[in-house]
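Asks: What follows is structure38.cif, mmCIF, C-alpha atoms and all ligand atoms.
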```cif
data_coords
#
loop_
_atom_site.label_atom_id
_atom_site.label_comp_id
_atom_site.auth_asym_id
_atom_site.auth_seq_id
_atom_site.Cartn_x
_atom_site.Cartn_y
_atom_site.Cartn_z
CA MET Z 884 1.73 -27.20 1.82
CA GLY Z 885 3.52 -24.67 4.02
CA GLU Z 886 3.28 -24.28 7.74
CA VAL Z 887 -0.21 -23.38 8.91
CA ARG Z 888 -0.40 -19.95 10.53
CA ILE Z 889 -3.44 -19.46 12.66
CA GLY Z 890 -4.53 -17.41 15.63
CA TYR Z 891 -7.17 -15.40 17.40
CA HIS Z 892 -7.95 -11.75 17.64
CA THR Z 893 -6.32 -11.22 21.03
CA SER Z 894 -6.85 -8.69 23.82
CA ILE Z 895 -4.16 -6.05 24.46
CA SER Z 896 -5.54 -5.31 27.92
CA GLY Z 897 -2.81 -4.07 30.26
CA ASN Z 898 -0.05 -3.72 27.71
CA LEU Z 899 0.25 -4.35 23.99
CA ASP Z 900 2.88 -7.06 24.37
CA LEU Z 901 0.69 -9.07 26.79
CA ALA Z 902 -1.33 -10.11 23.73
CA PHE Z 903 1.58 -12.36 22.78
CA ASP Z 904 1.42 -14.19 26.11
CA ARG Z 905 -2.32 -14.71 25.73
CA ALA Z 906 -1.87 -15.88 22.14
CA ARG Z 907 0.92 -18.28 23.04
CA GLU Z 908 -1.10 -19.79 25.84
CA ILE Z 909 -3.84 -20.90 23.47
CA GLY Z 910 -1.45 -22.10 20.79
CA CYS Z 911 -1.57 -19.28 18.23
CA THR Z 912 1.07 -19.09 15.51
CA SER Z 913 -0.31 -15.79 14.22
CA MET Z 914 -2.50 -13.14 15.86
CA GLN Z 915 -4.53 -10.01 15.39
CA ILE Z 916 -4.85 -7.10 17.81
CA PHE Z 917 -6.16 -3.60 18.07
CA SER Z 918 -3.24 -1.24 18.61
CA SER Z 919 -5.34 1.11 20.77
CA ASN Z 920 -8.84 1.34 22.22
CA PRO Z 921 -11.04 0.32 19.26
CA ARG Z 922 -14.02 2.40 20.45
CA GLY Z 923 -12.31 5.75 20.86
CA TRP Z 924 -10.48 8.32 18.77
CA ALA Z 925 -7.96 9.16 21.44
CA VAL Z 926 -4.74 7.19 21.36
CA LYS Z 927 -2.42 6.61 24.28
CA GLN Z 928 1.22 6.94 23.20
CA LEU Z 929 3.19 3.73 23.23
CA GLY Z 930 6.05 3.47 25.69
CA LYS Z 931 9.52 2.63 24.47
CA ASP Z 932 9.65 -0.45 26.72
CA GLU Z 933 6.30 -1.66 25.48
CA VAL Z 934 7.47 -1.40 21.87
CA GLU Z 935 10.69 -3.25 22.60
CA ARG Z 936 8.92 -6.01 24.51
CA PHE Z 937 6.44 -6.38 21.66
CA ARG Z 938 9.18 -6.80 19.08
CA ALA Z 939 11.14 -9.20 21.27
CA LYS Z 940 8.16 -11.44 21.98
CA LYS Z 941 7.12 -11.56 18.33
CA LYS Z 942 10.47 -13.09 17.57
CA ALA Z 943 10.86 -15.27 20.67
CA TYR Z 944 7.36 -16.77 20.49
CA ASN Z 945 7.45 -17.14 16.71
CA ILE Z 946 3.96 -15.67 16.36
CA SER Z 947 3.83 -14.18 12.91
CA PRO Z 948 2.44 -12.53 10.89
CA VAL Z 949 0.87 -10.01 13.25
CA PHE Z 950 -2.26 -8.25 12.03
CA VAL Z 951 -3.49 -4.99 13.48
CA HIS Z 952 -7.17 -4.19 13.00
CA MET Z 953 -8.24 -0.55 12.58
CA PRO Z 954 -10.43 0.90 15.35
CA TYR Z 955 -14.20 1.07 14.73
CA LEU Z 956 -14.87 4.82 14.53
CA PRO Z 957 -12.89 5.86 11.41
CA ASN Z 958 -14.92 5.87 8.19
CA LEU Z 959 -12.79 6.10 5.05
CA ALA Z 960 -15.91 6.32 2.87
CA SER Z 961 -17.51 9.18 4.79
CA PRO Z 962 -18.87 12.09 2.70
CA LYS Z 963 -18.36 14.38 5.70
CA ASP Z 964 -15.05 16.16 5.35
CA ASP Z 965 -14.31 16.39 9.06
CA VAL Z 966 -14.95 12.69 9.67
CA TYR Z 967 -13.05 11.78 6.52
CA SER Z 968 -9.89 13.68 7.47
CA LYS Z 969 -10.09 12.47 11.06
CA SER Z 970 -10.36 8.92 9.72
CA LYS Z 971 -7.28 9.35 7.55
CA GLU Z 972 -5.37 10.78 10.50
CA SER Z 973 -6.37 7.79 12.56
CA MET Z 974 -5.13 5.48 9.83
CA ILE Z 975 -1.81 7.32 9.62
CA GLU Z 976 -1.48 7.08 13.39
CA THR Z 977 -2.25 3.36 13.30
CA LEU Z 978 0.22 2.74 10.47
CA THR Z 979 2.88 4.55 12.47
CA ARG Z 980 2.15 2.32 15.46
CA CYS Z 981 2.23 -0.79 13.26
CA ASN Z 982 5.67 0.17 12.01
CA ALA Z 983 6.91 0.95 15.51
CA ILE Z 984 5.88 -2.43 16.91
CA GLY Z 985 6.81 -4.41 13.80
CA ALA Z 986 3.30 -5.52 12.85
CA ASP Z 987 3.02 -6.88 9.32
CA TYR Z 988 -0.48 -5.95 8.19
CA LEU Z 989 -3.21 -3.43 8.90
CA VAL Z 990 -6.75 -4.71 8.33
CA VAL Z 991 -9.16 -1.99 7.26
CA HIS Z 992 -12.95 -1.86 7.00
CA LEU Z 993 -13.97 0.37 4.15
CA GLY Z 994 -16.79 2.09 5.96
CA SER Z 995 -20.12 3.58 4.95
CA HIS Z 996 -20.97 6.13 2.27
CA LEU Z 997 -24.00 7.17 4.37
CA GLY Z 998 -26.31 7.25 1.36
CA THR Z 999 -24.18 9.19 -1.12
CA GLY Z 1000 -23.85 6.09 -3.28
CA ALA Z 1001 -21.37 3.31 -3.93
CA ASP Z 1002 -19.36 5.27 -6.51
CA ALA Z 1003 -18.74 8.18 -4.14
CA GLY Z 1004 -17.84 5.76 -1.34
CA ARG Z 1005 -15.38 3.86 -3.48
CA GLU Z 1006 -13.67 7.04 -4.61
CA ARG Z 1007 -13.26 8.26 -1.03
CA VAL Z 1008 -11.75 4.96 0.10
CA ALA Z 1009 -9.38 4.67 -2.85
CA ALA Z 1010 -8.16 8.26 -2.44
CA ALA Z 1011 -7.54 7.70 1.27
CA VAL Z 1012 -5.63 4.44 0.74
CA ASN Z 1013 -3.62 6.09 -2.04
CA GLU Z 1014 -2.58 8.79 0.39
CA MET Z 1015 -1.27 6.15 2.79
CA GLU Z 1016 1.65 5.23 0.55
CA ARG Z 1017 3.97 7.61 2.43
CA HIS Z 1018 2.94 6.21 5.78
CA ALA Z 1019 2.73 2.50 5.09
CA GLY Z 1020 6.42 1.77 5.63
CA ASN Z 1021 6.80 -1.99 6.00
CA VAL Z 1022 3.11 -2.53 6.57
CA THR Z 1023 0.67 -3.88 3.99
CA ILE Z 1024 -2.87 -2.51 4.13
CA LEU Z 1025 -5.57 -5.17 3.80
CA LEU Z 1026 -9.00 -4.20 2.54
CA GLU Z 1027 -11.58 -6.36 4.30
CA ASN Z 1028 -14.82 -7.41 2.63
CA GLU Z 1029 -17.97 -6.32 4.42
CA ALA Z 1030 -21.17 -8.17 5.32
CA GLY Z 1031 -23.45 -5.91 3.30
CA GLN Z 1032 -24.90 -3.63 5.94
CA ARG Z 1033 -26.84 -0.68 4.51
CA ASN Z 1034 -24.56 1.83 2.71
CA SER Z 1035 -21.44 -0.18 3.44
CA VAL Z 1036 -18.61 -0.14 0.93
CA GLY Z 1037 -16.86 -3.35 -0.07
CA SER Z 1038 -19.38 -6.12 0.45
CA ARG Z 1039 -19.49 -6.86 -3.28
CA LEU Z 1040 -16.23 -8.42 -4.37
CA ASP Z 1041 -16.13 -6.64 -7.73
CA GLU Z 1042 -16.37 -3.40 -5.77
CA LEU Z 1043 -13.37 -4.39 -3.64
CA VAL Z 1044 -11.41 -5.26 -6.76
CA GLU Z 1045 -12.34 -1.95 -8.35
CA ILE Z 1046 -10.97 -0.10 -5.31
CA PHE Z 1047 -7.85 -2.25 -5.36
CA ASN Z 1048 -7.31 -1.43 -9.02
CA SER Z 1049 -7.45 2.29 -8.40
CA ILE Z 1050 -4.74 2.16 -5.76
CA GLU Z 1051 -1.42 3.23 -7.18
CA HIS Z 1052 0.97 1.65 -4.72
CA ASP Z 1053 1.70 -1.95 -3.85
CA ARG Z 1054 1.27 -1.85 -0.05
CA VAL Z 1055 -2.22 -3.26 -0.38
CA GLY Z 1056 -4.01 -6.62 -0.43
CA PHE Z 1057 -7.23 -8.28 0.77
CA CYS Z 1058 -8.49 -9.77 3.99
CA LEU Z 1059 -11.29 -12.23 3.26
CA ASP Z 1060 -13.80 -12.66 6.09
CA THR Z 1061 -15.80 -15.88 5.64
CA CYS Z 1062 -18.77 -14.69 7.69
CA HIS Z 1063 -18.97 -11.38 5.84
CA VAL Z 1064 -18.72 -12.90 2.36
CA PHE Z 1065 -21.47 -15.40 3.24
CA ALA Z 1066 -23.67 -12.67 4.73
CA ALA Z 1067 -23.11 -10.63 1.56
CA GLY Z 1068 -24.74 -13.40 -0.48
CA TYR Z 1069 -21.85 -15.59 -1.62
CA ASP Z 1070 -22.74 -19.15 -0.64
CA ILE Z 1071 -19.20 -20.40 -0.05
CA ARG Z 1072 -20.56 -23.79 1.07
CA LYS Z 1073 -20.73 -24.49 -2.66
CA LYS Z 1074 -17.37 -25.24 -4.11
CA GLU Z 1075 -17.92 -23.36 -7.35
CA VAL Z 1076 -18.99 -20.22 -5.47
CA ALA Z 1077 -16.01 -20.46 -3.12
CA ARG Z 1078 -13.71 -20.85 -6.09
CA GLU Z 1079 -15.24 -17.84 -7.80
CA VAL Z 1080 -14.71 -15.76 -4.65
CA ILE Z 1081 -11.03 -16.69 -4.56
CA ASP Z 1082 -10.57 -16.13 -8.28
CA THR Z 1083 -12.30 -12.74 -8.17
CA LEU Z 1084 -10.06 -11.43 -5.41
CA GLY Z 1085 -7.01 -13.32 -6.64
CA LEU Z 1086 -5.36 -15.96 -4.45
CA GLU Z 1087 -2.07 -14.06 -4.31
CA ARG Z 1088 -3.76 -10.87 -3.16
CA ILE Z 1089 -5.58 -12.53 -0.26
CA ARG Z 1090 -3.15 -12.12 2.63
CA CYS Z 1091 -5.40 -13.05 5.52
CA ILE Z 1092 -8.55 -15.05 6.12
CA HIS Z 1093 -10.88 -14.06 8.93
CA LEU Z 1094 -12.28 -17.42 9.82
CA ASN Z 1095 -15.75 -16.96 11.26
CA ASP Z 1096 -18.95 -18.94 10.97
CA ALA Z 1097 -22.13 -16.95 10.28
CA LYS Z 1098 -25.01 -16.68 12.75
CA GLN Z 1099 -27.43 -15.57 10.02
CA PRO Z 1100 -28.28 -17.23 6.68
CA CYS Z 1101 -26.49 -16.52 3.41
CA GLY Z 1102 -27.35 -13.07 2.09
CA SER Z 1103 -28.57 -11.71 5.44
CA GLY Z 1104 -26.33 -8.64 5.16
CA LEU Z 1105 -25.66 -8.97 8.89
CA ASP Z 1106 -22.24 -9.05 10.49
CA ARG Z 1107 -22.87 -11.67 13.17
CA HIS Z 1108 -20.06 -14.10 13.82
CA ALA Z 1109 -20.71 -17.63 15.07
CA ASP Z 1110 -18.37 -20.27 16.43
CA ILE Z 1111 -16.91 -22.63 13.85
CA GLY Z 1112 -19.47 -25.33 13.09
CA PHE Z 1113 -22.28 -23.57 14.97
CA GLY Z 1114 -23.38 -21.22 12.19
CA HIS Z 1115 -24.84 -21.46 8.71
CA ILE Z 1116 -21.51 -22.09 7.00
CA GLY Z 1117 -20.93 -25.10 9.21
CA ARG Z 1118 -18.10 -27.59 9.42
CA LYS Z 1119 -18.86 -28.94 5.98
CA GLY Z 1120 -18.75 -25.46 4.51
CA PHE Z 1121 -15.29 -24.90 5.93
CA GLU Z 1122 -14.13 -28.30 4.72
CA THR Z 1123 -15.22 -27.34 1.22
CA LEU Z 1124 -13.42 -24.02 1.51
CA PHE Z 1125 -10.18 -25.60 2.72
CA SER Z 1126 -10.26 -28.14 -0.08
CA LEU Z 1127 -9.53 -25.33 -2.53
CA PRO Z 1128 -5.85 -25.21 -3.41
CA GLY Z 1129 -3.74 -22.54 -1.75
CA LEU Z 1130 -6.23 -21.49 0.87
CA ARG Z 1131 -4.77 -23.49 3.73
CA ASP Z 1132 -1.47 -21.67 3.30
CA LYS Z 1133 -3.04 -18.32 4.14
CA PRO Z 1134 -2.71 -16.96 7.67
CA MET Z 1135 -6.05 -17.34 9.44
CA ILE Z 1136 -7.48 -15.28 12.25
CA LEU Z 1137 -10.54 -16.32 14.23
CA GLU Z 1138 -12.92 -13.68 15.55
CA THR Z 1139 -15.52 -16.08 16.91
CA PRO Z 1140 -17.51 -15.27 20.06
CA LEU Z 1141 -16.94 -18.68 21.76
CA VAL Z 1142 -20.44 -18.72 23.20
CA GLU Z 1143 -22.23 -21.64 21.57
CA THR Z 1144 -19.34 -24.02 21.38
CA PRO Z 1145 -18.37 -25.97 24.49
CA ARG Z 1146 -14.78 -25.48 23.38
CA ASP Z 1147 -12.39 -22.82 24.60
CA ALA Z 1148 -10.10 -20.85 22.29
CA LYS Z 1149 -7.39 -23.48 22.46
CA ASN Z 1150 -9.77 -26.30 21.49
CA GLU Z 1151 -11.32 -24.14 18.78
CA LEU Z 1152 -7.91 -23.67 17.18
CA GLU Z 1153 -7.30 -27.42 17.43
CA LEU Z 1154 -10.62 -28.08 15.70
CA VAL Z 1155 -9.69 -25.77 12.84
CA MET Z 1156 -6.29 -27.43 12.55
CA LYS Z 1157 -8.12 -30.74 12.20
CA LEU Z 1158 -10.42 -29.34 9.53
CA LEU Z 1159 -7.31 -28.23 7.68
CA GLU Z 1160 -5.92 -31.75 7.51
CA ILE Z 1161 -8.04 -32.72 4.56
ZN ZN Y 1201 -13.22 -9.75 10.09
ZN ZN Y 1202 -17.40 -9.16 11.29
#
```
Using structure tokens, write down the structure from this file.
Ligand SMILES: [Zn+2]
Ligand SMILES: [Zn+2]
Replies:
Amino acid sequence: MGEVRIGYHTSISGNLDLAFDRAREIGCTSMQIFSSNPRGWAVKQLGKDEVERFRAKKKAYNISPVFVHMPYLPNLASPKDDVYSKSKESMIETLTRCNAIGADYLVVHLGSHLGTGADAGRERVAAAVNEMERHAGNVTILLENEAGQRNSVGSRLDELVEIFNSIEHDRVGFCLDTCHVFAAGYDIRKKEVAREVIDTLGLERIRCIHLNDAKQPCGSGLDRHADIGFGHIGRKGFETLFSLPGLRDKPMILETPLVETPRDAKNELELVMKLLEI
């Protein structure tokens, strides 16, 4: 077993590089950030100093890999041409930022087809990701599975694989979110289901695990994260998951709300580390 790489989605408030200080303080060995305000289209240009500090801290603190999560507004499955091209521009912009700061991966939600159907949605997403080849640079794009909200693309794993297969470049992989897959109806508390999930996506192609418990029952279709052990997946569910070969070697990012647990982020990471020592 390799070295465990684990961290939190961390705030960039103030300056991008301050995320590293926050991550180090709670004991992260990997982290995820937004590279700009996740709720807006407008992007503030990065300063040269900020970029240099970011790169220096990544090395000095040994926090790696670094994942950047796409902002919320872009919709790569949108049937509306203006939204679609704006979304692609936003992705290009984010990829450029990722390359500037030396981030390793860009995590992407596949969006909503707004009622035009799964086929149309899949085609839009695949075409957009195909176009990103020229902009990806050293960054690998990770398609994240969705929880199954109405009209969302990529909550069914075969659908994700189909999109993956129609992408013609190799700067692409998967990010598996445990809460989303459970909400989408895959009961990963059962070992055979968990194994099927891994086999469907392909262990090698899973480059990140979003480690979140689920506030709602299996198949709810709702994207509601819970603290580890306080949701329907539960500690036992995660133990089952980690008992599958190869999974513990994947970088893991927590996006838990830290509201039900009495633990803080540091203790939460320690708990997960303990669960990993099976
Ligand atoms: Zn996630
Ligand atoms: Zn989520």
Asks: Hey, which residues come within 9 Å of ligand ZN 1201 (chain Y) if we count all atoms listed in the file? Could you give them as a ChimeraX atom specification?
Replies: /Z:952,990,992,1027-1029,1058-1063,1092-1095,1108,1136-1138
Asks: Which residue out of Z:Pro921, Z:Gly1004, Z:Pro1140, Z:Gly1120 has the minimum interatomic distance to ligand ZN 1202 (chain Y) when all atoms listed in the file are used?
Replies: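 Using all atoms listed in the file, ligand ZN 1202 (chain Y) sits closest to Z:Pro1140.
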Asks: For Ile1071 in chain Z, list every protein, DNA or RNA residue within 8 Å, evaluated using only C-alpha atoms, and leave out those in the same chain fewer than 5 positions away; present the list as JSON, numbers by chain.
Replies: {"Z": [1064, 1065, 1076, 1077, 1080, 1116, 1120, 1124]}
Asks: Pick out the residues sitting within 8 Å of Ala1066 in chain Z, and hand them over as a list in words; count only C-alpha atoms, and ignore anything fewer than 6 positions along from it in its own chain.
Replies: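 So the residues in contact are Ala1030, Gly1031, Ala1097, Gln1099, Pro1100, Cys1101, Gly1102, Ser1103, Gly1104, Leu1105 and Asp1106 of chain Z.
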Asks: Can you tell me which residues surround Asp1053 in chain Z at a distance of at most 12 Å, considering all atoms listed in the file, apart from same-chain residues fewer than 4 positions away, and format the answer as JSON, numbers by chain?
Replies: {"Z": [1012, 1013, 1015, 1016, 1017, 1019, 1020, 1021, 1022, 1023, 1024, 1025, 1047, 1048, 1049, 1057, 1088]}
Asks: Excluding Lys1149 in chain Z and any residue of its chain fewer than 5 positions from it, enumerate the residues within 10 Å of it, using all atoms listed in the file, and give them as a PyMOL selection string.
Replies: chain Z and resi 890-891+906-911+1154
Asks: Could the residues in this selection be written to a file with C-alpha atoms, as a short mmCIF file (atom, residue, chain, number, x, y, z; two decimals), in the frame of the given file?
Replies:
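As written to disk, result-v6.cif reads:
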```cif
data_model
loop_
_atom_site.label_atom_id
_atom_site.label_comp_id
_atom_site.auth_asym_id
_atom_site.auth_seq_id
_atom_site.Cartn_x
_atom_site.Cartn_y
_atom_site.Cartn_z
CA GLY Z 890 -4.53 -17.41 15.63
CA TYR Z 891 -7.17 -15.40 17.40
CA ALA Z 906 -1.87 -15.88 22.14
CA ARG Z 907 0.92 -18.28 23.04
CA GLU Z 908 -1.10 -19.79 25.84
CA ILE Z 909 -3.84 -20.90 23.47
CA GLY Z 910 -1.45 -22.10 20.79
CA CYS Z 911 -1.57 -19.28 18.23
CA LEU Z 1154 -10.62 -28.08 15.70
#
```
Asks: Z:Leu901, Z:Ala1109, Z:Ala1011, Z:Leu1026: which is nearest Arg938 in chain Z, counting only C-alpha atoms?
Replies: Z:Leu901
